[in-house]
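Following: one structure in structure tokens, then a few remarks.
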Amino acid sequence: MEENSIMQEDIVKTAREEAEKAEGSRALYEVKMKFLGRAGIVTSMLKKMKELSPEERPSFGKKVNALREKLEEGFAAAEARVKQRELQEKLQSETLDVTMPGRRQKKGALHPVTRVKNELVDIFAGMGFEIFEGPEIENDYYNFTALNTPADHPARDMQDTFYLSEEYLLRTQTSAGQIRFMEQHRPPIKMLSPGRVFRSDDDATHSPMFHQMEGLVVDHNITLCDLQGMLDEFARTMFSSSSKTRLRPSYFPFTEPSVEVDVSCAACGGKGCSLCKGTGWIEVLGAGMVNRRVLENCHIDPDEYTGFAFGMGIERIAMLKYGINNIKLLTENDVRFLEQFKD
Ligand code: DAH
């Protein structure tokens with residue numbers, strides 16, 4: 001008996017020592033199996049029961065069970081220790097430095113041409129205009145002939161055209177959309193048509209591709225006064241509440257009479273400065289009363305209906321509004337330039 005319990009204490013001691021030495025849960029598991037596994041020490045002791053006399057068996061069995069319980073307790077504690085240590089190590093290796101600077105997300109901004117286009121759409125949509133977008137590849141009829149500019153018309157020289165073939169070209173003006181729209185709609189008409197246009201032209205204020213915004217109104221009793229009233233409203237919203245407009249006689253084949261529209265210089269308030277070259281006025285768009293021939297080409301009776309139309313360069317408006325002196329800045333997409341247009 002005595003001998004037995006000493007033996008048991010030895011087993012528990014050895015198990016404890018080996019468990020302490022075990023590095024990690026895998027090694028600990030192996031130690032545990034050595035004592036408590038199917039081929040372990042405890043099982044082999046129980047197997048020995050057969051060799052004992054029936055009187056000895058109960059007390060031996062009790063002892064082995066007590067040994068097993070002790071070992072189980074010991075291993076449970078060892079397992080908890082190892083798990084805790086492993087967790088600690090894991091947490092340490094995965095530490096998060098919350099003081100590290102984050103990765104900066106650059107916030108984009110709308111291109112100034114897009115901004116001005118959106119503003120124009122807002123202004124005119126508020127007056128009841130409908131948006132129409134025509135094709136960039138046009139034929140000669142819509143870009144010129146239907147706009148009262150036949151093949152031999154000298155006004156064709158005003159716009160250096162990129163021809164794709166005899167018949168097709170890159171539209172030189174969004175005015176082509178007027179015809180397309182009037183072919184599909186009857187008066188009352190209030191159309192606004194933004195889009196890209198193309199001309200073989202290239203200097204500080206001209207680019208081979210630029211954007212225009214076309215406007216067209218056709219109804220009973222439309223007059224030049226309606227045009228000027230609407231343009232005043234546009235200038236006040238786009239530039240400054242004290243902006244004024246003035247109409248100068250001009251010529252476009254598709255309008256009669258035709259005008260060029262100046263806005264009082266927002267930089268000097270009309271007194272005269274370098275931006276307006278001392279005149280106090282800045283030219284912003286072309287406009288006029290829709291030529292009878294154009295209405296006829298679209299089967300609208302010019303004796304019943306009249307209309308006005310206008311067309312403006314969006315880059316030009318953006319340059320005036322933001323004081324940009326070279327149109328190339330608007331296509332180079334230099335981030336240092338574009339960043340200045342953030343809200
Ligand atoms: N299409 C003309 C241009 O590109 C601008 C223009 C002038 C449009 C008068 C119009 C207008 O609608 O009535 O130069």
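By order of appearance in the structure tokens: chains A, B, ..., then residues from 1 within every chain, and ligands from 1 in the order shown.
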
Please identify the residues whose atoms come within 6 Å of ligand 1, using only C-alpha atoms and all ligand atoms, and report them as a list in words. Gln173, Ser175, Glu214, Phe252, Thr255, Gly286, Ala287, Gly288, Ala309, Phe310 and Gly311 of chain A

Mind checking DSSP for segment 76-210 of chain A and telling me the helix (DSSP H, G or I) residues as a ChimeraX atom specification? /A:76-93,112-125,140-143,145-147,154-158,176-184

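Relative to atom CA of Lys13 of chain A, atom CA of Pro58 of chain A is found at 24.4 Å.
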
What lies within 12 Å of Gly229 of chain A using only C-alpha atoms, ignoring chain neighbours under 3 positions off, as a PyMOL selection string? chain A and resi 127+222-226+232-236+244-247+308

Export all heavy atoms of the chosen residues as a CSV table (one decimal), in the first residue's frame?
```csv
chain,number,residue,atom,x,y,z
A,127,MET,N,-35.8,77.2,-65.6
A,127,MET,CA,-36.7,78.0,-66.4
A,127,MET,C,-37.5,77.1,-67.3
A,127,MET,O,-38.2,77.5,-68.2
A,127,MET,CB,-35.9,78.9,-67.3
A,127,MET,CG,-35.0,79.9,-66.6
A,127,MET,SD,-34.2,81.0,-67.8
A,127,MET,CE,-32.8,81.6,-66.9
A,222,ILE,N,-42.7,84.9,-79.5
A,222,ILE,CA,-41.3,85.0,-78.9
A,222,ILE,C,-40.6,86.2,-79.5
A,222,ILE,O,-40.6,86.3,-80.8
A,222,ILE,CB,-40.6,83.7,-79.0
A,222,ILE,CG1,-41.3,82.6,-78.4
A,222,ILE,CG2,-39.1,83.9,-78.5
A,222,ILE,CD1,-41.3,82.6,-76.8
A,223,THR,N,-40.0,87.0,-78.7
A,223,THR,CA,-39.3,88.2,-79.2
A,223,THR,C,-37.9,88.3,-78.7
A,223,THR,O,-37.5,87.5,-77.8
A,223,THR,CB,-40.0,89.5,-78.8
A,223,THR,OG1,-39.8,89.7,-77.4
A,223,THR,CG2,-41.5,89.5,-79.2
A,224,LEU,N,-37.1,89.2,-79.2
A,224,LEU,CA,-35.7,89.4,-78.8
A,224,LEU,C,-35.7,89.9,-77.3
A,224,LEU,O,-34.7,89.6,-76.6
A,224,LEU,CB,-35.1,90.5,-79.6
A,224,LEU,CG,-33.6,90.5,-79.8
A,224,LEU,CD1,-33.1,89.1,-80.4
A,224,LEU,CD2,-33.2,91.6,-80.8
A,225,CYS,N,-36.8,90.5,-76.8
A,225,CYS,CA,-36.9,90.9,-75.4
A,225,CYS,C,-36.9,89.7,-74.5
A,225,CYS,O,-36.3,89.7,-73.4
A,225,CYS,CB,-38.1,91.7,-75.1
A,225,CYS,SG,-38.1,93.3,-75.9
A,226,ASP,N,-37.6,88.7,-75.0
A,226,ASP,CA,-37.6,87.4,-74.2
A,226,ASP,C,-36.2,86.9,-74.0
A,226,ASP,O,-35.8,86.4,-73.0
A,226,ASP,CB,-38.5,86.4,-74.8
A,226,ASP,CG,-39.9,86.8,-74.9
A,226,ASP,OD1,-40.4,87.3,-73.9
A,226,ASP,OD2,-40.6,86.7,-75.9
A,232,ASP,N,-30.2,87.9,-69.0
A,232,ASP,CA,-30.0,88.7,-67.8
A,232,ASP,C,-30.0,87.8,-66.6
A,232,ASP,O,-29.1,87.8,-65.7
A,232,ASP,CB,-31.0,89.8,-67.7
A,232,ASP,CG,-30.6,91.1,-68.4
A,232,ASP,OD1,-29.4,91.3,-68.6
A,232,ASP,OD2,-31.5,91.9,-68.7
A,233,GLU,N,-31.0,87.0,-66.6
A,233,GLU,CA,-31.2,86.0,-65.5
A,233,GLU,C,-30.0,85.1,-65.4
A,233,GLU,O,-29.5,84.8,-64.3
A,233,GLU,CB,-32.5,85.3,-65.7
A,233,GLU,CG,-32.9,84.2,-64.7
A,233,GLU,CD,-33.0,84.8,-63.3
A,233,GLU,OE1,-33.3,86.0,-63.1
A,233,GLU,OE2,-32.8,84.0,-62.3
A,234,PHE,N,-29.6,84.6,-66.6
A,234,PHE,CA,-28.5,83.7,-66.7
A,234,PHE,C,-27.2,84.3,-66.1
A,234,PHE,O,-26.5,83.8,-65.3
A,234,PHE,CB,-28.3,83.2,-68.1
A,234,PHE,CG,-26.9,83.0,-68.5
A,234,PHE,CD1,-26.2,81.8,-68.1
A,234,PHE,CD2,-26.2,83.8,-69.4
A,234,PHE,CE1,-24.9,81.6,-68.5
A,234,PHE,CE2,-24.9,83.6,-69.8
A,234,PHE,CZ,-24.2,82.5,-69.3
A,235,ALA,N,-27.0,85.6,-66.6
A,235,ALA,CA,-25.7,86.3,-66.2
A,235,ALA,C,-25.7,86.6,-64.7
A,235,ALA,O,-24.7,86.4,-64.0
A,235,ALA,CB,-25.6,87.6,-66.9
A,236,ARG,N,-26.8,86.9,-64.1
A,236,ARG,CA,-26.9,87.2,-62.7
A,236,ARG,C,-26.6,85.9,-61.9
A,236,ARG,O,-26.0,86.0,-60.8
A,236,ARG,CB,-28.3,87.8,-62.3
A,236,ARG,CG,-28.4,89.3,-62.6
A,236,ARG,CD,-29.6,89.9,-61.9
A,236,ARG,NE,-30.9,89.3,-62.4
A,236,ARG,CZ,-31.6,89.8,-63.4
A,236,ARG,NH1,-31.2,91.0,-64.0
A,236,ARG,NH2,-32.7,89.3,-63.9
A,244,LYS,N,-24.9,92.6,-65.9
A,244,LYS,CA,-25.9,93.0,-66.9
A,244,LYS,C,-25.5,92.4,-68.3
A,244,LYS,O,-24.3,92.0,-68.4
A,244,LYS,CB,-25.8,94.6,-67.1
A,244,LYS,CG,-26.4,95.3,-65.9
A,244,LYS,CD,-26.4,96.8,-66.2
A,244,LYS,CE,-26.7,97.7,-65.0
A,244,LYS,NZ,-25.7,97.4,-63.9
A,245,THR,N,-26.4,92.4,-69.2
A,245,THR,CA,-26.0,92.0,-70.6
A,245,THR,C,-26.2,93.1,-71.6
A,245,THR,O,-27.0,94.0,-71.4
A,245,THR,CB,-26.8,90.8,-71.0
A,245,THR,OG1,-28.2,91.1,-71.0
A,245,THR,CG2,-26.6,89.6,-70.1
A,246,ARG,N,-25.5,93.0,-72.7
A,246,ARG,CA,-25.8,93.9,-73.8
A,246,ARG,C,-25.7,93.1,-75.1
A,246,ARG,O,-24.9,92.2,-75.2
A,246,ARG,CB,-24.9,95.1,-73.8
A,246,ARG,CG,-23.7,95.0,-74.6
A,246,ARG,CD,-22.8,96.2,-74.6
A,246,ARG,NE,-21.5,95.9,-75.2
A,246,ARG,CZ,-20.5,96.7,-75.3
A,246,ARG,NH1,-20.6,97.9,-74.9
A,246,ARG,NH2,-19.4,96.2,-75.8
A,247,LEU,N,-26.6,93.5,-76.1
A,247,LEU,CA,-26.6,92.8,-77.4
A,247,LEU,C,-25.9,93.6,-78.4
A,247,LEU,O,-26.2,94.8,-78.5
A,247,LEU,CB,-28.1,92.5,-77.8
A,247,LEU,CG,-29.0,91.8,-76.8
A,247,LEU,CD1,-30.3,91.5,-77.4
A,247,LEU,CD2,-28.3,90.5,-76.3
A,308,PHE,N,-36.1,82.1,-80.4
A,308,PHE,CA,-34.7,82.6,-80.3
A,308,PHE,C,-33.8,81.4,-80.0
A,308,PHE,O,-34.3,80.3,-79.5
A,308,PHE,CB,-34.6,83.7,-79.3
A,308,PHE,CG,-34.8,83.3,-77.9
A,308,PHE,CD1,-33.9,82.5,-77.1
A,308,PHE,CD2,-36.0,83.8,-77.2
A,308,PHE,CE1,-34.2,82.2,-75.8
A,308,PHE,CE2,-36.2,83.5,-75.9
A,308,PHE,CZ,-35.3,82.7,-75.2
```

Straight-line distance linking atom CA of His206 of chain A with atom CA of Asp343 of chain A, stated in Å to one decimal: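 The value is 27.4 Å.
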
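Note that atom CA of Phe129 of chain A and atom CA of Ile324 of chain A are 28.7 Å apart.
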
For the strand (DSSP E or B) assignment from backbone DSSP, which residues of segment 198-311 of chain A qualify? Please present them as JSON, numbers by chain. {"A": [198, 203, 206, 209, 210, 211, 212, 213, 214, 215, 216, 217, 218, 219, 245, 246, 247, 248, 249, 250, 251, 252, 255, 256, 257, 258, 259, 260, 261, 262, 263, 264, 281, 282, 283, 284, 285, 286, 287, 288, 289, 290, 306, 307, 308, 309, 310, 311]}

What would the file look like if the residues just selected were written as an mmCIF file, in the first residue's frame with C-alpha atoms?
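Done, and the output landed in out02.cif:
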```
data_model
loop_
_atom_site.group_PDB
_atom_site.id
_atom_site.type_symbol
_atom_site.label_atom_id
_atom_site.label_comp_id
_atom_site.auth_asym_id
_atom_site.auth_seq_id
_atom_site.Cartn_x
_atom_site.Cartn_y
_atom_site.Cartn_z
ATOM 1 C CA PHE A 198 -14.719 70.067 -82.824
ATOM 2 C CA ASP A 203 -4.263 78.641 -79.497
ATOM 3 C CA HIS A 206 -9.159 77.888 -78.780
ATOM 4 C CA MET A 209 -12.311 70.043 -78.984
ATOM 5 C CA PHE A 210 -14.446 72.120 -76.664
ATOM 6 C CA HIS A 211 -17.939 72.170 -75.197
ATOM 7 C CA GLN A 212 -20.954 74.233 -76.107
ATOM 8 C CA MET A 213 -24.361 74.773 -74.611
ATOM 9 C CA GLU A 214 -27.126 75.414 -77.080
ATOM 10 C CA GLY A 215 -30.512 76.851 -76.227
ATOM 11 C CA LEU A 216 -33.662 77.043 -78.335
ATOM 12 C CA VAL A 217 -37.093 78.496 -77.616
ATOM 13 C CA VAL A 218 -39.933 78.393 -80.157
ATOM 14 C CA ASP A 219 -43.494 79.462 -79.435
ATOM 15 C CA THR A 245 -25.983 91.965 -70.577
ATOM 16 C CA ARG A 246 -25.829 93.900 -73.819
ATOM 17 C CA LEU A 247 -26.608 92.769 -77.353
ATOM 18 C CA ARG A 248 -24.414 93.745 -80.301
ATOM 19 C CA PRO A 249 -25.507 93.153 -83.893
ATOM 20 C CA SER A 250 -23.735 90.213 -85.489
ATOM 21 C CA TYR A 251 -24.250 87.551 -88.114
ATOM 22 C CA PHE A 252 -25.092 83.863 -88.034
ATOM 23 C CA THR A 255 -30.591 83.601 -86.925
ATOM 24 C CA GLU A 256 -32.076 86.858 -88.123
ATOM 25 C CA PRO A 257 -31.401 89.251 -86.541
ATOM 26 C CA SER A 258 -28.228 87.842 -84.961
ATOM 27 C CA VAL A 259 -26.502 89.220 -81.909
ATOM 28 C CA GLU A 260 -23.401 88.745 -79.879
ATOM 29 C CA VAL A 261 -24.026 88.939 -76.163
ATOM 30 C CA ASP A 262 -21.677 90.665 -73.750
ATOM 31 C CA VAL A 263 -21.836 90.423 -69.969
ATOM 32 C CA SER A 264 -20.620 93.285 -67.780
ATOM 33 C CA TRP A 281 -17.826 94.109 -71.221
ATOM 34 C CA ILE A 282 -16.978 90.510 -72.057
ATOM 35 C CA GLU A 283 -18.410 88.573 -74.970
ATOM 36 C CA VAL A 284 -20.003 85.345 -73.797
ATOM 37 C CA LEU A 285 -22.249 83.963 -76.482
ATOM 38 C CA GLY A 286 -23.923 84.167 -79.863
ATOM 39 C CA ALA A 287 -27.674 84.334 -80.237
ATOM 40 C CA GLY A 288 -30.565 85.628 -82.308
ATOM 41 C CA MET A 289 -34.081 85.093 -83.563
ATOM 42 C CA VAL A 290 -34.352 81.746 -85.346
ATOM 43 C CA THR A 306 -41.076 82.625 -83.767
ATOM 44 C CA GLY A 307 -38.126 81.637 -81.669
ATOM 45 C CA PHE A 308 -34.739 82.557 -80.323
ATOM 46 C CA ALA A 309 -31.590 80.503 -80.032
ATOM 47 C CA PHE A 310 -28.266 80.932 -78.321
ATOM 48 C CA GLY A 311 -24.984 79.081 -78.161
#
```

Name the residues in contact with Leu330 of chain A at a cut-off of 10 Å, using only C-alpha atoms, excluding same-chain residues fewer than 3 positions from it; report them as a list in words.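 The neighbour list is His111, Pro112, Val113, Ser207, Phe210, Glu315, Ala318, Met319, Ile324, Asn326, Ile327, Asn333, Asp334, Phe337 and Leu338 of chain A.
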
Store the residues of this selection in a file with N, CA, C and O atoms, as a CSV table (one decimal), in the first residue's frame.
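Writing done, so here's selection.csv:
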```csv
chain,number,residue,atom,x,y,z
A,111,HIS,N,-14.5,68.4,-62.6
A,111,HIS,CA,-13.7,69.3,-63.5
A,111,HIS,C,-14.5,70.6,-63.7
A,111,HIS,O,-15.7,70.6,-63.8
A,112,PRO,N,-13.7,71.7,-63.8
A,112,PRO,CA,-14.4,73.0,-63.9
A,112,PRO,C,-15.4,73.1,-65.1
A,112,PRO,O,-16.5,73.7,-65.0
A,113,VAL,N,-15.1,72.4,-66.2
A,113,VAL,CA,-16.0,72.4,-67.3
A,113,VAL,C,-17.3,71.7,-66.9
A,113,VAL,O,-18.4,72.1,-67.2
A,207,SER,N,-9.4,75.5,-78.6
A,207,SER,CA,-8.9,74.1,-78.6
A,207,SER,C,-9.7,73.3,-79.6
A,207,SER,O,-10.9,73.6,-79.9
A,210,PHE,N,-14.0,71.3,-77.8
A,210,PHE,CA,-14.4,72.1,-76.7
A,210,PHE,C,-15.9,71.8,-76.5
A,210,PHE,O,-16.5,71.0,-77.2
A,315,GLU,N,-16.2,76.2,-72.0
A,315,GLU,CA,-14.8,76.5,-71.6
A,315,GLU,C,-14.7,78.0,-71.4
A,315,GLU,O,-14.0,78.5,-70.4
A,318,ALA,N,-16.2,79.1,-68.2
A,318,ALA,CA,-15.4,78.6,-67.1
A,318,ALA,C,-14.2,79.5,-66.9
A,318,ALA,O,-13.8,79.9,-65.8
A,319,MET,N,-13.6,79.9,-68.1
A,319,MET,CA,-12.4,80.8,-68.0
A,319,MET,C,-12.7,82.1,-67.4
A,319,MET,O,-12.0,82.7,-66.6
A,324,ILE,N,-9.3,81.9,-65.6
A,324,ILE,CA,-8.4,81.0,-66.2
A,324,ILE,C,-7.9,81.6,-67.5
A,324,ILE,O,-8.7,82.0,-68.4
A,326,ASN,N,-5.6,80.3,-69.9
A,326,ASN,CA,-5.3,79.4,-71.0
A,326,ASN,C,-6.2,78.2,-71.1
A,326,ASN,O,-6.3,77.4,-70.1
A,327,ILE,N,-6.8,78.0,-72.2
A,327,ILE,CA,-7.8,76.9,-72.4
A,327,ILE,C,-7.2,75.6,-72.2
A,327,ILE,O,-7.8,74.6,-71.8
A,333,ASN,N,-5.3,68.4,-67.5
A,333,ASN,CA,-5.7,67.6,-66.3
A,333,ASN,C,-4.5,67.6,-65.3
A,333,ASN,O,-4.3,66.5,-64.7
A,334,ASP,N,-3.8,68.7,-65.1
A,334,ASP,CA,-2.8,68.8,-64.0
A,334,ASP,C,-3.5,68.8,-62.7
A,334,ASP,O,-4.4,69.7,-62.5
A,337,PHE,N,-3.8,72.0,-60.8
A,337,PHE,CA,-4.8,72.9,-61.3
A,337,PHE,C,-6.2,72.5,-60.8
A,337,PHE,O,-7.0,73.3,-60.3
A,338,LEU,N,-6.5,71.2,-61.1
A,338,LEU,CA,-7.9,70.7,-60.8
A,338,LEU,C,-8.2,70.7,-59.3
A,338,LEU,O,-9.4,71.0,-59.0
```

Skip Tyr141 of chain A itself and residues of its chain fewer than 2 positions away, then list as a short mmCIF file (atom, residue, chain, number, x, y, z; two decimals) with C-alpha atoms, in the first residue's frame all residues within 10 Å of it, counting only C-alpha atoms.
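Saved to part35.cif:
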```
data_model
loop_
_atom_site.label_atom_id
_atom_site.label_comp_id
_atom_site.auth_asym_id
_atom_site.auth_seq_id
_atom_site.Cartn_x
_atom_site.Cartn_y
_atom_site.Cartn_z
CA GLU A 138 -23.01 64.63 -87.72
CA ASN A 139 -23.80 64.86 -91.37
CA ASN A 143 -24.46 70.76 -89.05
CA PHE A 144 -24.76 73.20 -91.96
CA THR A 145 -27.40 72.94 -94.68
CA ALA A 146 -30.51 72.79 -92.48
CA LEU A 147 -29.04 75.66 -90.46
CA ASN A 148 -29.28 77.80 -93.56
CA THR A 149 -25.62 77.32 -94.43
CA PRO A 150 -25.53 75.67 -97.87
CA ALA A 151 -22.33 74.26 -99.38
CA GLU A 167 -20.97 63.49 -95.94
CA TYR A 168 -19.91 62.97 -92.33
CA ALA A 176 -27.05 70.88 -85.20
CA ILE A 179 -32.70 70.74 -86.21
#
```

Using only C-alpha atoms for the distances, tell me which of A:Glu133, A:Asp152, A:Glu89, A:Asp202 is nearest to Gly177 of chain A.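 Using only C-alpha atoms, Gly177 of chain A sits closest to A:Glu133.
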
Polymer residues at most 8 Å from Thr172 of chain A, only C-alpha atoms, same-chain spacing of 5 or more positions, as number ranges by chain: A: 143, 159-161, 197-199

Taking C-alpha atoms for each residue, export the selection above as a CSV table (one decimal), in the first residue's frame.
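As a result, out-v7.csv now contains:
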```csv
chain,number,residue,atom,x,y,z
A,143,ASN,CA,-24.5,70.8,-89.1
A,159,GLN,CA,-15.7,77.1,-88.6
A,160,ASP,CA,-12.7,74.9,-89.7
A,161,THR,CA,-14.4,71.6,-90.0
A,197,VAL,CA,-17.8,70.2,-80.6
A,198,PHE,CA,-14.7,70.1,-82.8
A,199,ARG,CA,-12.9,72.6,-84.9
```

Counting only C-alpha atoms, figure out which residue out of A:Ile300, A:Ala77, A:Leu329, A:Leu164 gets nearest to Glu136 of chain A. A:Leu164

Show which residues sit within 9 Å of segment 83-88 of chain A, as a count of residues only. Count only C-alpha atoms, and ignore same-chain residues fewer than 5 positions away. 4

From the set A:Ile189, A:Ile123, A:Asn118, A:Tyr322, which residue has the shortest atom-to-atom contact distance to Gln340 of chain A, counting only C-alpha atoms?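 Among the listed residues, the smallest separation from Gln340 of chain A belongs to A:Tyr322.
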